[in-house]
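Undergrad: Contents of query.cif (mmCIF, C-alpha atoms):
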```cif
data_run
loop_
_atom_site.label_atom_id
_atom_site.label_comp_id
_atom_site.auth_asym_id
_atom_site.auth_seq_id
_atom_site.Cartn_x
_atom_site.Cartn_y
_atom_site.Cartn_z
CA MET I 17 0.00 0.00 0.00
CA THR I 18 1.33 3.42 -0.96
CA GLU I 19 1.61 6.37 1.43
CA ARG I 20 -1.19 8.12 -0.49
CA GLN I 21 -3.49 5.12 -0.01
CA ARG I 22 -2.70 4.99 3.73
CA MET I 23 -3.37 8.72 4.15
CA GLN I 24 -6.59 8.55 2.15
CA GLY I 25 -7.76 5.50 4.12
CA ARG I 26 -7.38 7.33 7.43
CA ALA I 27 -9.15 10.40 6.09
CA ALA I 28 -11.93 8.33 4.52
CA ASP I 29 -12.73 6.73 7.91
CA GLU I 30 -13.23 10.04 9.76
CA LEU I 31 -16.83 10.38 10.98
CA LEU I 32 -18.73 13.49 9.80
CA ASP I 33 -22.13 14.97 10.61
CA ILE I 34 -24.60 14.92 7.71
CA VAL I 35 -26.79 18.05 7.61
CA ASP I 36 -30.02 19.13 5.95
CA GLU I 37 -30.64 22.27 3.88
CA GLN I 38 -30.81 24.36 7.09
CA ASP I 39 -27.47 22.97 8.33
CA ARG I 40 -29.13 20.81 11.02
CA VAL I 41 -27.50 17.46 11.83
CA VAL I 42 -29.54 14.53 10.49
CA GLY I 43 -26.99 11.71 10.74
CA GLN I 44 -23.34 10.67 10.64
CA ARG I 45 -21.26 8.84 8.04
CA PRO I 46 -17.58 8.17 7.32
CA ARG I 47 -15.95 10.84 5.15
CA GLY I 48 -15.29 8.44 2.27
CA GLU I 49 -18.98 7.58 2.12
CA VAL I 50 -19.94 11.26 2.43
CA TYR I 51 -17.86 12.12 -0.63
CA ALA I 52 -18.87 9.04 -2.63
CA GLN I 53 -22.58 9.69 -2.05
CA ARG I 54 -22.39 13.52 -2.21
CA LEU I 55 -23.89 13.88 1.26
CA ARG I 56 -24.17 17.44 2.59
CA HIS I 57 -21.82 18.09 5.52
CA ARG I 58 -19.87 20.90 7.22
CA SER I 59 -16.49 22.41 6.49
CA THR I 60 -14.39 25.41 7.49
CA SER I 61 -12.13 27.70 5.49
CA ILE I 62 -9.78 30.18 7.09
CA ARG I 63 -7.99 32.97 5.24
CA VAL I 64 -4.70 33.47 7.05
CA ARG I 65 -2.74 36.70 6.92
CA ASP I 66 0.65 37.45 8.43
CA ALA I 67 1.48 40.63 10.37
CA ALA I 68 2.25 42.40 7.06
CA GLY I 69 -1.20 41.55 5.68
CA ARG I 70 0.03 38.99 3.16
CA ILE I 71 -2.18 35.96 2.50
CA PHE I 72 -1.06 32.38 3.20
CA VAL I 73 -1.16 30.34 0.00
CA HIS I 74 -0.22 26.70 -0.38
CA ARG I 75 -0.21 23.68 -2.63
CA ARG I 76 -1.95 20.61 -1.26
CA THR I 77 -0.04 17.34 -1.15
CA PRO I 78 -0.87 14.64 -3.70
CA THR I 79 -2.10 12.41 -0.83
CA LYS I 80 -5.13 14.62 -0.09
CA LEU I 81 -8.49 12.86 -0.45
CA ILE I 82 -9.96 15.67 -2.56
CA PHE I 83 -8.28 18.32 -4.69
CA PRO I 84 -4.83 16.65 -4.42
CA GLY I 85 -1.88 18.72 -5.62
CA MET I 86 -3.97 21.87 -6.14
CA TYR I 87 -3.21 25.40 -4.94
CA ASP I 88 -5.35 26.85 -2.16
CA VAL I 89 -5.76 30.33 -0.70
CA VAL I 90 -7.36 29.17 2.56
CA VAL I 91 -6.64 26.50 5.14
CA GLY I 92 -9.33 24.42 6.75
CA GLY I 93 -11.22 21.21 6.40
CA VAL I 94 -14.19 19.18 7.46
CA VAL I 95 -15.98 19.62 10.75
CA GLY I 96 -15.85 16.31 12.62
CA ALA I 97 -18.94 14.57 13.97
CA GLY I 98 -20.16 16.43 17.07
CA GLU I 99 -17.68 19.27 16.55
CA ASP I 100 -18.73 22.91 16.12
CA TYR I 101 -17.48 25.22 13.37
CA ASP I 102 -15.38 27.44 15.66
CA THR I 103 -13.54 24.51 17.25
CA ALA I 104 -12.90 22.94 13.83
CA ALA I 105 -11.62 26.23 12.39
CA LEU I 106 -9.02 26.70 15.13
CA ARG I 107 -8.00 23.01 15.03
CA GLU I 108 -7.66 22.97 11.25
CA ALA I 109 -5.74 26.27 11.09
CA GLU I 110 -3.27 25.19 13.77
CA GLU I 111 -2.81 21.75 12.21
CA GLU I 112 -2.22 22.98 8.67
CA LEU I 113 0.00 25.89 9.71
CA GLY I 114 1.91 23.78 12.24
CA VAL I 115 1.40 26.27 15.06
CA SER I 116 0.00 26.27 18.56
CA GLY I 117 -1.61 29.24 20.30
CA LEU I 118 -3.24 30.82 17.25
CA PRO I 119 -6.00 33.30 18.13
CA GLN I 120 -9.56 32.09 17.50
CA PRO I 121 -10.32 32.78 13.81
CA GLU I 122 -13.10 35.34 13.29
CA ARG I 123 -16.28 34.34 11.45
CA ARG I 124 -16.82 36.23 8.20
CA LEU I 125 -19.50 34.46 6.15
CA LYS I 126 -21.19 31.14 5.51
CA PHE I 127 -22.51 29.60 2.31
CA LEU I 128 -23.48 26.30 0.73
CA PHE I 129 -20.80 25.10 -1.68
CA GLU I 130 -22.15 22.68 -4.26
CA THR I 131 -20.76 21.05 -7.37
CA PRO I 132 -21.93 17.91 -9.17
CA GLU I 133 -19.47 15.98 -6.93
CA PHE I 134 -19.67 17.76 -3.56
CA SER I 135 -22.06 19.52 -1.18
CA TRP I 136 -21.05 21.21 2.07
CA PHE I 137 -21.81 24.23 4.21
CA LEU I 138 -18.70 26.35 4.44
CA GLN I 139 -18.13 28.61 7.44
CA VAL I 140 -15.45 31.09 6.39
CA TYR I 141 -13.06 32.76 8.83
CA GLU I 142 -10.07 35.08 8.89
CA VAL I 143 -7.13 35.12 11.28
CA VAL I 144 -3.79 36.90 11.58
CA CYS I 145 -0.92 34.55 12.34
CA THR I 146 2.18 36.17 13.84
CA LEU I 147 3.71 32.82 14.79
CA PRO I 148 6.40 31.11 12.70
CA VAL I 149 4.52 28.60 10.53
CA ARG I 150 5.67 25.04 9.95
CA PRO I 151 2.98 23.59 7.68
CA GLN I 152 2.12 19.94 8.06
CA PRO I 153 4.06 18.01 5.40
CA GLU I 154 1.14 15.56 5.07
CA GLU I 155 -1.14 18.48 4.13
CA VAL I 156 1.05 21.13 2.50
CA GLU I 157 3.61 20.54 -0.28
CA TRP I 158 4.57 24.22 -0.85
CA TRP I 159 3.59 27.49 0.83
CA ASP I 160 4.21 31.22 0.95
CA PHE I 161 2.66 34.46 2.21
CA LEU I 162 1.79 36.62 -0.80
CA PRO I 163 0.69 40.24 -1.13
CA GLU I 164 -2.82 40.46 -2.59
CA GLU I 165 -1.63 41.79 -5.97
CA ALA I 166 0.83 38.90 -6.39
CA LEU I 167 -1.82 36.41 -5.32
CA GLU I 168 -4.30 37.76 -7.90
CA ARG I 169 -1.69 37.38 -10.67
CA ARG I 170 -0.98 33.78 -9.66
CA LEU I 171 -4.68 32.96 -9.31
CA THR I 172 -5.25 33.93 -12.94
CA GLY I 173 -2.81 31.25 -14.11
CA TRP I 174 -3.82 28.63 -11.57
CA GLU I 175 -7.49 29.04 -12.42
CA ALA I 176 -6.84 28.91 -16.17
CA ARG I 177 -5.00 25.61 -15.71
CA GLY I 178 -7.58 24.18 -13.29
CA GLU I 179 -4.99 24.11 -10.49
CA VAL I 180 -6.83 26.00 -7.74
CA VAL I 181 -9.15 24.47 -5.13
CA PRO I 182 -12.65 25.62 -6.16
CA ASP I 183 -14.16 26.19 -2.71
CA GLY I 184 -11.03 28.08 -1.59
CA LEU I 185 -11.27 30.26 -4.68
CA GLU I 186 -14.96 30.95 -3.95
CA CYS I 187 -14.09 31.88 -0.35
CA HIS I 188 -11.41 34.27 -1.60
CA ARG I 189 -13.79 35.90 -4.07
CA ARG I 190 -16.52 36.35 -1.47
CA LEU I 191 -14.12 37.75 1.13
CA THR I 192 -12.56 40.13 -1.40
CA ALA I 193 -16.01 41.38 -2.50
CA ARG I 194 -16.98 42.34 1.09
#
```
Kindly transcribe the structure held in the file into structure tokens.

TA:
Amino acid sequence: MTERQRMQGRAADELLDIVDEQDRVVGQRPRGEVYAQRLRHRSTSIRVRDAAGRIFVHRRTPTKLIFPGMYDVVVGGVVGAGEDYDTAALREAEEELGVSGLPQPERRLKFLFETPEFSWFLQVYEVVCTLPVRPQPEEVEWWDFLPEEALERRLTGWEARGEVVPDGLECHRRLTAR
């Protein structure tokens, strides 16, 4: 078994809450089943800025269960079964950035992200990280903090080549439009 298969197997077994159209819990299923059956669930996305206002950008590892090897402009992930959005946001941000003691990310907006393959409510946050980051090698293949202008230039190319995580891009667009 390859490392990617091992990582995906662990992620696929994680238990998630299934929610209705009002974001009320109606059941629980393993993540792999949730994705395979396009069951609506919960997720968080956190836009991270450094003290200079630059935005954390990264490329996901090829072992990720969804959107492997793609560029992302937010960190985050699924909300575990029985977990609330705020707890998941802080946990995910600290895990992916490789930090401890991050301030609680601030809620910005929430929307239903749907594609033919996926359906999840996305609670979007922002946080300033002044700690030295050491991104999780299992999650992040490459990273940098980019000024907004540089990020917009890169996004144009990444999007044209289909290399940017679609829900992260939607979060970025909605946050930028506010």

Undergrad: Got a sec: who's within 9 Å of I:Gln120, counting only C-alpha atoms, leaving out chain neighbours fewer than 6 positions off, as a PyMOL selection string?

TA: chain I and resi 102-103+105-106+143

Undergrad: Selection in question (the file shown): the PyMOL selection byres ((chain I and resi 155-162) around 7). Which residues does it include, as an mmCIF file with C-alpha atoms, in the frame of the given file?

TA:
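The resulting file, part31.cif, is reproduced below:
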```cif
data_model
loop_
_atom_site.group_PDB
_atom_site.id
_atom_site.type_symbol
_atom_site.label_atom_id
_atom_site.label_comp_id
_atom_site.auth_asym_id
_atom_site.auth_seq_id
_atom_site.Cartn_x
_atom_site.Cartn_y
_atom_site.Cartn_z
ATOM 1 C CA ARG I 70 0.030 38.990 3.160
ATOM 2 C CA ILE I 71 -2.180 35.960 2.500
ATOM 3 C CA PHE I 72 -1.060 32.380 3.200
ATOM 4 C CA VAL I 73 -1.160 30.340 0.000
ATOM 5 C CA HIS I 74 -0.220 26.700 -0.380
ATOM 6 C CA ARG I 75 -0.210 23.680 -2.630
ATOM 7 C CA ARG I 76 -1.950 20.610 -1.260
ATOM 8 C CA THR I 77 -0.040 17.340 -1.150
ATOM 9 C CA LYS I 80 -5.130 14.620 -0.090
ATOM 10 C CA GLU I 112 -2.220 22.980 8.670
ATOM 11 C CA PRO I 151 2.980 23.590 7.680
ATOM 12 C CA GLN I 152 2.120 19.940 8.060
ATOM 13 C CA PRO I 153 4.060 18.010 5.400
ATOM 14 C CA GLU I 154 1.140 15.560 5.070
ATOM 15 C CA PRO I 163 0.690 40.240 -1.130
ATOM 16 C CA GLU I 164 -2.820 40.460 -2.590
ATOM 17 C CA ALA I 166 0.830 38.900 -6.390
ATOM 18 C CA LEU I 167 -1.820 36.410 -5.320
#
```

Undergrad: Once the PyMOL selection byres ((chain I and resi 39) around 10) has been evaluated on this model, what residues remain selected, and can you format them as a list in words?

TA: Asp33, Ile34, Val35, Asp36, Glu37, Gln38, Arg40, Val41, Val42, Arg56, His57, Arg58, Leu128, Trp136 and Phe137 of chain I

Undergrad: Using the chain letters and numbers from the file, which residues does the PyMOL selection byres ((chain I and resi 64) around 7) grab, as a ChimeraX atom specification?

TA: /I:62-63,65-66,71-72,90,142-145

Undergrad: Rank nothing, just name the residue among I:Val180, I:Gly96, I:Arg189, I:Arg150 nearest to I:Gly114, using all atoms listed in the file.

TA: I:Arg150

Undergrad: What's around I:Arg190 at 12 Å? Count only C-alpha atoms, leave out sequence neighbours fewer than 6 positions away in its own chain, and write the answer as a list in words.

TA: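 Near neighbours after the sequence-gap exclusion: Ser61, Arg63, Arg124, Leu125, Lys126, Phe127, Leu138, Gln139, Val140, Tyr141, Asp183 and Gly184 of chain I.
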
Undergrad: Quick one: pull the distance between atom CA of I:Arg107 and atom CA of I:Leu171, Å, one decimal.

TA: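 Interatomic distance, atom CA of I:Arg107 to atom CA of I:Leu171: 26.5 Å.
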
Undergrad: With all atoms listed in the file as the atoms that count, which of I:Thr192, I:Gly85, I:Glu168, I:Ser59 lies nearest to I:Asp100?

TA: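 Closest residue, counting all atoms listed in the file: I:Ser59.
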
Undergrad: Can you tell me which residues surround I:Ala97 at a distance of at most 8 Å, considering all atoms listed in the file, apart from same-chain residues fewer than 5 positions away, and format the answer as a PyMOL selection string?

TA: chain I and resi 31-33+44

Undergrad: What is the distance between atom CA of I:Pro182 and atom CA of I:Gly93, in Å to one decimal?

TA: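 The value is 13.4 Å.
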
Undergrad: Ranking I:Gly98, I:Pro132, I:Gly117, I:Pro78 by minimum distance to I:Tyr51 and counting only C-alpha atoms, which one comes first?

TA: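 Of all the options, I:Pro132 lies closest to I:Tyr51.
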
Undergrad: Would you please work out which residue, of I:His188, I:Phe134, I:Arg170, I:Asp88, is nearest to I:Arg47 when using all atoms listed in the file?

TA: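 Closest to I:Arg47 of all the choices is I:Phe134.
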
Undergrad: Mind giving me the straight-line distance from atom CA of I:Glu110 to atom CA of I:Gly173 in Å, one decimal?

TA: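 The value is 28.5 Å.
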
Undergrad: Find, counting all atoms listed in the file, the residue in I:Leu55, I:Glu111, I:Val94, I:Pro148 that gets nearest to I:Glu30.

TA: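 Checking each of I:Leu55, I:Glu111, I:Val94, I:Pro148 against I:Glu30, counting all atoms listed in the file, the winner is I:Val94.
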